[in-house]
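Shown next: target-v2.pdb, given as PDB, C-alpha atoms.
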```pdb
ATOM      1  CA  MET A 194     122.801 151.209 118.813  1.00  0.00           C
ATOM      2  CA  TYR A 195     125.004 153.000 121.330  1.00  0.00           C
ATOM      3  CA  SER A 196     123.392 153.252 124.766  1.00  0.00           C
ATOM      4  CA  PRO A 197     125.388 155.408 127.184  1.00  0.00           C
ATOM      5  CA  GLN A 198     125.225 154.971 130.954  1.00  0.00           C
ATOM      6  CA  VAL A 199     123.802 158.446 131.572  1.00  0.00           C
ATOM      7  CA  ILE A 200     124.092 159.410 135.254  1.00  0.00           C
ATOM      8  CA  TYR A 201     123.101 163.087 134.948  1.00  0.00           C
ATOM      9  CA  GLU A 202     121.516 165.270 132.275  1.00  0.00           C
ATOM     10  CA  ASP A 203     120.015 168.750 132.060  1.00  0.00           C
ATOM     11  CA  ASN A 204     119.705 171.373 129.328  1.00  0.00           C
ATOM     12  CA  HIS A 205     123.404 172.273 129.385  1.00  0.00           C
ATOM     13  CA  ILE A 206     125.412 169.227 130.466  1.00  0.00           C
ATOM     14  CA  ILE A 207     125.309 165.446 130.374  1.00  0.00           C
ATOM     15  CA  ALA A 208     127.443 163.006 132.370  1.00  0.00           C
ATOM     16  CA  VAL A 209     128.088 159.340 131.642  1.00  0.00           C
ATOM     17  CA  ASN A 210     129.709 156.475 133.512  1.00  0.00           C
ATOM     18  CA  LYS A 211     132.635 155.738 131.206  1.00  0.00           C
ATOM     19  CA  GLN A 212     133.698 152.128 130.800  1.00  0.00           C
ATOM     20  CA  ALA A 213     137.216 150.748 130.386  1.00  0.00           C
ATOM     21  CA  SER A 214     138.752 151.176 126.910  1.00  0.00           C
ATOM     22  CA  GLU A 215     136.172 153.789 125.870  1.00  0.00           C
ATOM     23  CA  LEU A 216     137.677 156.899 124.301  1.00  0.00           C
ATOM     24  CA  VAL A 217     136.397 160.242 125.592  1.00  0.00           C
ATOM     25  CA  GLN A 218     137.456 162.268 122.553  1.00  0.00           C
ATOM     26  CA  GLY A 219     138.730 161.276 119.116  1.00  0.00           C
ATOM     27  CA  ASP A 220     142.488 160.749 118.763  1.00  0.00           C
ATOM     28  CA  LYS A 221     145.055 159.394 116.308  1.00  0.00           C
ATOM     29  CA  THR A 222     143.641 155.858 116.628  1.00  0.00           C
ATOM     30  CA  GLY A 223     140.573 156.932 114.688  1.00  0.00           C
ATOM     31  CA  ASP A 224     138.346 154.966 117.061  1.00  0.00           C
ATOM     32  CA  VAL A 225     134.828 156.244 117.636  1.00  0.00           C
ATOM     33  CA  SER A 226     134.673 158.272 120.852  1.00  0.00           C
ATOM     34  CA  ILE A 227     132.015 158.745 123.513  1.00  0.00           C
ATOM     35  CA  ALA A 228     131.595 162.327 122.273  1.00  0.00           C
ATOM     36  CA  ASP A 229     130.829 161.055 118.757  1.00  0.00           C
ATOM     37  CA  ASN A 230     128.407 158.434 120.043  1.00  0.00           C
ATOM     38  CA  LEU A 231     126.653 160.931 122.300  1.00  0.00           C
ATOM     39  CA  LYS A 232     125.974 163.246 119.363  1.00  0.00           C
ATOM     40  CA  GLU A 233     124.177 160.463 117.513  1.00  0.00           C
ATOM     41  CA  TRP A 234     122.381 159.272 120.654  1.00  0.00           C
ATOM     42  CA  LEU A 235     121.093 162.777 121.500  1.00  0.00           C
ATOM     43  CA  LYS A 236     120.089 163.353 117.883  1.00  0.00           C
ATOM     44  CA  ILE A 237     117.906 160.240 117.919  1.00  0.00           C
ATOM     45  CA  LYS A 238     116.577 160.699 121.471  1.00  0.00           C
ATOM     46  CA  TYR A 239     115.402 164.267 120.913  1.00  0.00           C
ATOM     47  CA  LYS A 240     114.692 163.917 117.176  1.00  0.00           C
ATOM     48  CA  LYS A 241     117.019 166.803 116.329  1.00  0.00           C
ATOM     49  CA  PRO A 242     117.135 167.599 112.599  1.00  0.00           C
ATOM     50  CA  GLY A 243     120.585 169.195 112.344  1.00  0.00           C
ATOM     51  CA  ASN A 244     123.986 168.772 113.944  1.00  0.00           C
ATOM     52  CA  VAL A 245     124.055 168.112 117.677  1.00  0.00           C
ATOM     53  CA  PHE A 246     126.489 169.967 119.921  1.00  0.00           C
ATOM     54  CA  VAL A 247     128.571 167.889 122.339  1.00  0.00           C
ATOM     55  CA  GLY A 248     131.584 169.574 123.919  1.00  0.00           C
ATOM     56  CA  VAL A 249     134.305 167.748 125.850  1.00  0.00           C
ATOM     57  CA  VAL A 250     134.611 169.348 129.291  1.00  0.00           C
ATOM     58  CA  HIS A 251     137.362 167.093 130.695  1.00  0.00           C
ATOM     59  CA  ARG A 252     138.959 163.754 129.913  1.00  0.00           C
ATOM     60  CA  LEU A 253     139.802 160.429 131.504  1.00  0.00           C
ATOM     61  CA  ASP A 254     142.605 158.134 130.389  1.00  0.00           C
ATOM     62  CA  ARG A 255     141.314 155.354 128.163  1.00  0.00           C
ATOM     63  CA  PRO A 256     141.703 152.549 130.749  1.00  0.00           C
ATOM     64  CA  VAL A 257     140.065 154.638 133.508  1.00  0.00           C
ATOM     65  CA  THR A 258     136.341 154.379 134.282  1.00  0.00           C
ATOM     66  CA  GLY A 259     133.774 156.655 135.883  1.00  0.00           C
ATOM     67  CA  VAL A 260     132.223 160.114 135.704  1.00  0.00           C
ATOM     68  CA  VAL A 261     132.829 162.091 132.515  1.00  0.00           C
ATOM     69  CA  ILE A 262     130.996 165.353 131.853  1.00  0.00           C
ATOM     70  CA  PHE A 263     130.100 166.697 128.416  1.00  0.00           C
ATOM     71  CA  ALA A 264     128.429 169.983 127.470  1.00  0.00           C
ATOM     72  CA  LYS A 265     125.244 170.084 125.393  1.00  0.00           C
ATOM     73  CA  THR A 266     125.517 173.820 124.684  1.00  0.00           C
ATOM     74  CA  SER A 267     128.350 176.210 123.917  1.00  0.00           C
ATOM     75  CA  LYS A 268     127.395 178.215 127.011  1.00  0.00           C
ATOM     76  CA  GLY A 269     127.657 175.089 129.138  1.00  0.00           C
ATOM     77  CA  LEU A 270     131.040 174.242 127.643  1.00  0.00           C
ATOM     78  CA  SER A 271     132.630 177.647 128.177  1.00  0.00           C
ATOM     79  CA  ARG A 272     131.347 177.961 131.730  1.00  0.00           C
ATOM     80  CA  MET A 273     132.330 174.430 132.713  1.00  0.00           C
ATOM     81  CA  ASN A 274     135.782 175.052 131.233  1.00  0.00           C
ATOM     82  CA  GLU A 275     136.059 178.124 133.457  1.00  0.00           C
ATOM     83  CA  LEU A 276     135.137 176.092 136.540  1.00  0.00           C
ATOM     84  CA  PHE A 277     137.781 173.446 135.805  1.00  0.00           C
ATOM     85  CA  LYS A 278     140.414 176.080 135.024  1.00  0.00           C
ATOM     86  CA  ALA A 279     139.670 177.897 138.296  1.00  0.00           C
ATOM     87  CA  GLN A 280     139.878 174.551 140.185  1.00  0.00           C
ATOM     88  CA  GLN A 281     136.298 174.963 141.392  1.00  0.00           C
ATOM     89  CA  VAL A 282     135.407 171.353 140.629  1.00  0.00           C
ATOM     90  CA  LYS A 283     135.921 168.700 143.320  1.00  0.00           C
ATOM     91  CA  LYS A 284     137.101 165.402 141.834  1.00  0.00           C
ATOM     92  CA  ILE A 285     137.080 162.172 143.850  1.00  0.00           C
ATOM     93  CA  TYR A 286     138.631 158.965 142.503  1.00  0.00           C
ATOM     94  CA  TRP A 287     138.833 155.410 143.763  1.00  0.00           C
ATOM     95  CA  ALA A 288     141.954 153.362 143.144  1.00  0.00           C
ATOM     96  CA  ILE A 289     142.621 149.694 143.821  1.00  0.00           C
ATOM     97  CA  VAL A 290     146.280 149.007 144.583  1.00  0.00           C
ATOM     98  CA  GLY A 291     148.105 145.755 145.309  1.00  0.00           C
ATOM     99  CA  GLN A 292     150.565 147.286 147.731  1.00  0.00           C
ATOM    100  CA  ARG A 293     149.314 149.337 150.670  1.00  0.00           C
ATOM    101  CA  PRO A 294     150.769 152.852 150.820  1.00  0.00           C
ATOM    102  CA  PRO A 295     153.307 153.481 153.600  1.00  0.00           C
ATOM    103  CA  GLU A 296     150.746 155.703 155.357  1.00  0.00           C
ATOM    104  CA  GLU A 297     146.985 155.191 155.744  1.00  0.00           C
ATOM    105  CA  SER A 298     146.392 158.681 154.367  1.00  0.00           C
ATOM    106  CA  GLY A 299     148.426 161.608 153.139  1.00  0.00           C
ATOM    107  CA  THR A 300     149.018 164.341 150.601  1.00  0.00           C
ATOM    108  CA  LEU A 301     151.370 163.793 147.671  1.00  0.00           C
ATOM    109  CA  ILE A 302     153.116 166.760 146.067  1.00  0.00           C
ATOM    110  CA  ASN A 303     155.432 166.081 143.142  1.00  0.00           C
ATOM    111  CA  ASN A 304     157.015 167.697 140.098  1.00  0.00           C
ATOM    112  CA  LEU A 305     155.463 165.872 137.163  1.00  0.00           C
ATOM    113  CA  LYS A 306     156.638 166.023 133.559  1.00  0.00           C
ATOM    114  CA  LYS A 307     154.904 164.413 130.596  1.00  0.00           C
ATOM    115  CA  ASN A 308     156.904 162.512 127.992  1.00  0.00           C
ATOM    116  CA  ALA A 309     154.671 162.834 124.938  1.00  0.00           C
ATOM    117  CA  ALA A 310     156.630 160.292 122.874  1.00  0.00           C
ATOM    118  CA  GLN A 311     156.082 157.610 125.527  1.00  0.00           C
ATOM    119  CA  ASN A 312     152.644 158.886 126.602  1.00  0.00           C
ATOM    120  CA  LYS A 313     153.906 158.645 130.158  1.00  0.00           C
ATOM    121  CA  SER A 314     154.672 161.044 132.995  1.00  0.00           C
ATOM    122  CA  TYR A 315     157.719 161.057 135.257  1.00  0.00           C
ATOM    123  CA  ILE A 316     158.353 162.518 138.695  1.00  0.00           C
ATOM    124  CA  HIS A 317     161.400 164.722 139.278  1.00  0.00           C
ATOM    125  CA  GLU A 318     162.757 165.519 142.720  1.00  0.00           C
ATOM    126  CA  ASN A 319     163.202 169.160 141.731  1.00  0.00           C
ATOM    127  CA  PRO A 320     161.377 171.326 139.164  1.00  0.00           C
ATOM    128  CA  VAL A 321     162.695 170.877 135.617  1.00  0.00           C
ATOM    129  CA  LYS A 322     161.811 172.543 132.354  1.00  0.00           C
ATOM    130  CA  GLY A 323     158.275 171.534 131.403  1.00  0.00           C
ATOM    131  CA  SER A 324     157.393 170.031 134.775  1.00  0.00           C
ATOM    132  CA  LYS A 325     154.224 170.949 136.686  1.00  0.00           C
ATOM    133  CA  VAL A 326     153.334 170.599 140.346  1.00  0.00           C
ATOM    134  CA  ALA A 327     150.934 167.704 140.958  1.00  0.00           C
ATOM    135  CA  ILE A 328     148.948 167.501 144.199  1.00  0.00           C
ATOM    136  CA  LEU A 329     146.532 164.887 145.503  1.00  0.00           C
ATOM    137  CA  SER A 330     145.265 163.682 148.868  1.00  0.00           C
ATOM    138  CA  TYR A 331     144.399 160.057 149.584  1.00  0.00           C
ATOM    139  CA  ARG A 332     142.942 157.947 152.365  1.00  0.00           C
ATOM    140  CA  THR A 333     142.496 154.213 152.807  1.00  0.00           C
ATOM    141  CA  LEU A 334     138.878 153.069 152.610  1.00  0.00           C
ATOM    142  CA  PHE A 335     139.147 149.271 152.793  1.00  0.00           C
ATOM    143  CA  VAL A 336     141.676 146.461 152.778  1.00  0.00           C
ATOM    144  CA  PHE A 337     140.589 143.140 151.289  1.00  0.00           C
ATOM    145  CA  LYS A 338     143.137 140.329 151.315  1.00  0.00           C
ATOM    146  CA  LYS A 339     146.150 141.756 149.460  1.00  0.00           C
ATOM    147  CA  TYR A 340     144.295 144.655 147.819  1.00  0.00           C
ATOM    148  CA  THR A 341     143.590 148.134 149.140  1.00  0.00           C
ATOM    149  CA  LEU A 342     140.926 150.612 148.053  1.00  0.00           C
ATOM    150  CA  LEU A 343     142.040 154.240 148.216  1.00  0.00           C
ATOM    151  CA  GLU A 344     139.898 157.360 147.929  1.00  0.00           C
ATOM    152  CA  ILE A 345     141.715 160.206 146.209  1.00  0.00           C
ATOM    153  CA  GLU A 346     140.889 163.875 145.982  1.00  0.00           C
ATOM    154  CA  LEU A 347     142.611 165.347 142.972  1.00  0.00           C
ATOM    155  CA  LYS A 348     143.849 168.881 143.594  1.00  0.00           C
ATOM    156  CA  THR A 349     145.470 169.343 140.165  1.00  0.00           C
ATOM    157  CA  GLY A 350     144.764 167.725 136.809  1.00  0.00           C
ATOM    158  CA  ARG A 351     148.071 166.550 135.389  1.00  0.00           C
ATOM    159  CA  HIS A 352     148.732 163.865 132.779  1.00  0.00           C
ATOM    160  CA  HIS A 353     148.510 160.388 134.392  1.00  0.00           C
ATOM    161  CA  GLN A 354     148.830 162.119 137.748  1.00  0.00           C
ATOM    162  CA  ILE A 355     147.207 159.555 140.056  1.00  0.00           C
ATOM    163  CA  ARG A 356     148.815 156.629 138.281  1.00  0.00           C
ATOM    164  CA  CYS A 357     152.281 158.172 138.440  1.00  0.00           C
ATOM    165  CA  GLN A 358     152.098 159.492 141.994  1.00  0.00           C
ATOM    166  CA  LEU A 359     150.766 156.239 143.467  1.00  0.00           C
ATOM    167  CA  ALA A 360     153.464 154.278 141.641  1.00  0.00           C
ATOM    168  CA  LYS A 361     156.062 156.628 143.140  1.00  0.00           C
ATOM    169  CA  ILE A 362     155.093 155.593 146.688  1.00  0.00           C
ATOM    170  CA  GLY A 363     155.195 151.917 145.731  1.00  0.00           C
ATOM    171  CA  SER A 364     151.456 151.433 145.165  1.00  0.00           C
ATOM    172  CA  PRO A 365     150.830 151.192 141.407  1.00  0.00           C
ATOM    173  CA  VAL A 366     147.187 150.910 140.339  1.00  0.00           C
ATOM    174  CA  LEU A 367     145.778 147.441 139.694  1.00  0.00           C
ATOM    175  CA  GLY A 368     146.447 146.371 136.100  1.00  0.00           C
ATOM    176  CA  ASP A 369     148.520 149.452 135.243  1.00  0.00           C
ATOM    177  CA  LEU A 370     151.476 147.900 133.423  1.00  0.00           C
ATOM    178  CA  LYS A 371     152.731 151.314 132.309  1.00  0.00           C
ATOM    179  CA  TYR A 372     153.393 152.332 135.909  1.00  0.00           C
ATOM    180  CA  GLY A 373     154.667 149.090 137.344  1.00  0.00           C
ATOM    181  CA  PHE A 374     151.778 146.775 138.179  1.00  0.00           C
ATOM    182  CA  PRO A 375     152.928 143.264 137.164  1.00  0.00           C
ATOM    183  CA  ARG A 376     149.726 142.050 135.467  1.00  0.00           C
ATOM    184  CA  SER A 377     147.126 143.547 133.150  1.00  0.00           C
ATOM    185  CA  LEU A 378     143.357 143.191 133.428  1.00  0.00           C
ATOM    186  CA  GLU A 379     141.316 141.214 130.909  1.00  0.00           C
ATOM    187  CA  ASN A 380     139.070 144.144 129.985  1.00  0.00           C
ATOM    188  CA  GLY A 381     141.987 146.432 129.134  1.00  0.00           C
ATOM    189  CA  GLY A 382     141.204 148.697 132.070  1.00  0.00           C
ATOM    190  CA  ILE A 383     142.965 149.531 135.308  1.00  0.00           C
ATOM    191  CA  GLY A 384     141.718 149.830 138.872  1.00  0.00           C
ATOM    192  CA  LEU A 385     141.140 153.574 138.716  1.00  0.00           C
ATOM    193  CA  HIS A 386     137.641 155.052 138.761  1.00  0.00           C
ATOM    194  CA  SER A 387     136.318 158.610 138.687  1.00  0.00           C
ATOM    195  CA  ARG A 388     133.877 158.192 141.575  1.00  0.00           C
ATOM    196  CA  GLU A 389     132.440 161.657 142.108  1.00  0.00           C
ATOM    197  CA  VAL A 390     132.480 165.154 140.618  1.00  0.00           C
ATOM    198  CA  SER A 391     130.985 168.129 142.512  1.00  0.00           C
ATOM    199  CA  PHE A 392     130.556 171.748 141.436  1.00  0.00           C
ATOM    200  CA  THR A 393     128.200 174.707 141.389  1.00  0.00           C
ATOM    201  CA  HIS A 394     126.188 174.460 138.188  1.00  0.00           C
ATOM    202  CA  PRO A 395     127.391 177.313 135.929  1.00  0.00           C
ATOM    203  CA  VAL A 396     123.870 178.195 134.767  1.00  0.00           C
ATOM    204  CA  SER A 397     121.381 177.195 137.492  1.00  0.00           C
ATOM    205  CA  LYS A 398     123.885 177.881 140.326  1.00  0.00           C
ATOM    206  CA  GLU A 399     122.727 174.734 142.129  1.00  0.00           C
ATOM    207  CA  HIS A 400     125.301 172.544 143.858  1.00  0.00           C
ATOM    208  CA  ILE A 401     125.638 169.388 141.774  1.00  0.00           C
ATOM    209  CA  THR A 402     127.239 166.097 142.809  1.00  0.00           C
ATOM    210  CA  ILE A 403     127.524 163.403 140.143  1.00  0.00           C
ATOM    211  CA  LYS A 404     128.486 159.923 141.311  1.00  0.00           C
ATOM    212  CA  ALA A 405     129.246 156.731 139.359  1.00  0.00           C
ATOM    213  CA  ASP A 406     129.518 153.154 140.627  1.00  0.00           C
ATOM    214  CA  PRO A 407     132.463 151.108 139.334  1.00  0.00           C
ATOM    215  CA  THR A 408     131.851 147.837 137.499  1.00  0.00           C
ATOM    216  CA  GLY A 409     133.765 145.404 135.318  1.00  0.00           C
ATOM    217  CA  HIS A 410     135.950 143.609 137.865  1.00  0.00           C
ATOM    218  CA  ILE A 411     135.241 141.297 140.790  1.00  0.00           C
ATOM    219  CA  LEU A 412     137.292 143.505 143.120  1.00  0.00           C
ATOM    220  CA  TRP A 413     135.046 146.478 142.374  1.00  0.00           C
ATOM    221  CA  ASP A 414     132.038 144.304 143.215  1.00  0.00           C
ATOM    222  CA  THR A 415     133.714 143.264 146.464  1.00  0.00           C
ATOM    223  CA  PHE A 416     134.555 146.795 147.535  1.00  0.00           C
ATOM    224  CA  MET A 417     131.073 148.043 146.637  1.00  0.00           C
ATOM    225  CA  LYS A 418     129.608 145.437 149.011  1.00  0.00           C
ATOM    226  CA  LEU A 419     131.864 146.826 151.755  1.00  0.00           C
ATOM    227  CA  GLN A 420     130.353 150.299 151.395  1.00  0.00           C
ATOM    228  CA  PRO A 421     128.232 151.506 154.341  1.00  0.00           C
ATOM    229  CA  GLY A 422     124.616 150.440 153.945  1.00  0.00           C
ATOM    230  CA  ASN A 423     125.415 147.466 151.712  1.00  0.00           C
ATOM    231  CA  ASP A 424     124.932 143.900 152.896  1.00  0.00           C
ATOM    232  CA  PRO A 425     128.171 141.970 152.244  1.00  0.00           C
ATOM    233  CA  ASP A 426     126.218 138.690 152.130  1.00  0.00           C
ATOM    234  CA  ASN A 427     124.124 139.748 149.137  1.00  0.00           C
TER
END
```
What does this structure look like when you write it as structure tokens?
Amino acid sequence: MYSPQVIYEDNHIIAVNKQASELVQGDKTGDVSIADNLKEWLKIKYKKPGNVFVGVVHRLDRPVTGVVIFAKTSKGLSRMNELFKAQQVKKIYWAIVGQRPPEESGTLINNLKKNAAQNKSYIHENPVKGSKVAILSYRTLFVFKKYTLLEIELKTGRHHQIRCQLAKIGSPVLGDLKYGFPRSLENGGIGLHSREVSFTHPVSKEHITIKADPTGHILWDTFMKLQPGNDPDN
């Protein structure tokens, strides 16, 4: 039976810690998605007799891990969609890169255009037809041997934005063959994790922060031990 890593749940929304290779929403592959599994899981958990509502609020690329929010009611879905559209949701990611960025921190602003046929985005020096402005800020958290952990605040939500923009400055994400990292990871994932999502709850009006710990790779375990309050010898 499917057992999601639920990290937050109330009457209107539910958030899970997505694992590498999991699909947020059904696509042309026909693979079962988290949304599908959540419907069945909620149906059994709450003994619901009819169809269960699960709405996709936002998405993560298949190889990316971390916080994903779903709506349990139509009201929750419409109001969460409004928050994301109005850019009133703070999104923090962690990325492991093999090449340190040229600066310890900075803001990246690029013209990004998606190539649907290749399922890949490209950066253009100047705006072109179909391109969108992509903005993120990053800072270096830790350096361990030849790997660097970056914390990223996503200002816009473009296709493959973090992966493409980091590759542009010479720091492709760990395991991300599509954007220039030389080797893949065994679990089919990449070193990109949705660490934290913060927003004002659209119904209760409380400030909500949902955080997910990364797992699935020894480097994540190493960087987690380097976090303040953790004992690196444990």
Could you work out how far CA of Ala360 in chain A lies from CA of Val326 in chain A, giving the answer in Å with one decimal?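 About the pair CA of Val326 in chain A and CA of Ala360 in chain A: they are 16.4 Å apart.
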Please determine, counting all atoms listed in the file, which residue among A:Val366, A:Ile401, A:Ile237, A:Leu329 has the shortest atom-to-atom distance to Ile289 in chain A.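 Of A:Val366, A:Ile401, A:Ile237, A:Leu329, the one nearest Ile289 in chain A is A:Val366, counting all atoms listed in the file.
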Return as an MDAnalysis selection string the set of residues that the PyMOL selection byres ((chain A and resi 227) around 7) yields on the displayed structure. chainID A and resid 215:218 225:226 228:231
Which residues are close to range 241-248 of chain A, i.e. within 7 Å by only C-alpha atoms, leaving aside same-chain residues fewer than 3 positions away? Reply as a ChimeraX atom specification. /A:228,232,236-237,263-266,270
Padding of 3 Å on every side, edges along x, y and z, all listed atoms of range 365-370 of chain A included: what centre and edge lengths in Å, to one decimal, does that box have, as JSON?
```
{"center_x": 148.6, "center_y": 148.8, "center_z": 137.4, "size_x": 11.7, "size_y": 10.8, "size_z": 14.0}
```
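Of the residues listed (A:Gln358, A:Asn380, A:Ser196, A:Ser397), A:Gln358 shows the shortest atom-to-atom separation from Thr300 in chain A; distances use all atoms listed in the file.
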Compare A:Ala327, A:Ile262, A:Val257, A:Leu347 by their minimum atom-to-atom distance to Gly384 in chain A, counting only C-alpha atoms, and give me the closest one.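 Smallest separation from Gly384 in chain A among the options: A:Val257.
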List the spatial neighbours of Val390 in chain A as a ChimeraX atom specification - criterion: any atom at most 7 Å away, only C-alpha atoms, same-chain residues fewer than 5 positions off excluded. /A:282-285,402-404
Contacts of range 307-317 of chain A at 7 Å (only C-alpha atoms; same-chain gap of 4+ positions) as a list in words: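 Neighbouring residues, sequence-local ones excluded: Asn303, His352, His353 and Cys357 of chain A.
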Show me the residues around (143.8, 154.7, 153.6) - criterion: an atom at most 6 Å away, only C-alpha atoms counted - as a list in words. Glu297, Ser298, Arg332, Thr333, Leu334 and Leu343 of chain A
Write a file of the just-selected residues containing C-alpha atoms, as a PDB file, in the coordinates of the input.
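To be explicit, this is the file written out as again-v5.pdb:
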```
ATOM      1  CA  GLU A 297     146.985 155.191 155.744  1.00  0.00           C
ATOM      2  CA  SER A 298     146.392 158.681 154.367  1.00  0.00           C
ATOM      3  CA  ARG A 332     142.942 157.947 152.365  1.00  0.00           C
ATOM      4  CA  THR A 333     142.496 154.213 152.807  1.00  0.00           C
ATOM      5  CA  LEU A 334     138.878 153.069 152.610  1.00  0.00           C
ATOM      6  CA  LEU A 343     142.040 154.240 148.216  1.00  0.00           C
TER       7      LEU A 343
END
```
Could you tell me which of A:Ile328, A:Val321, A:Leu276, A:Ala288 comes closest to Trp413 in chain A if we count all atoms listed in the file?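 Checking each of A:Ile328, A:Val321, A:Leu276, A:Ala288 against Trp413 in chain A, counting all atoms listed in the file, the winner is A:Ala288.
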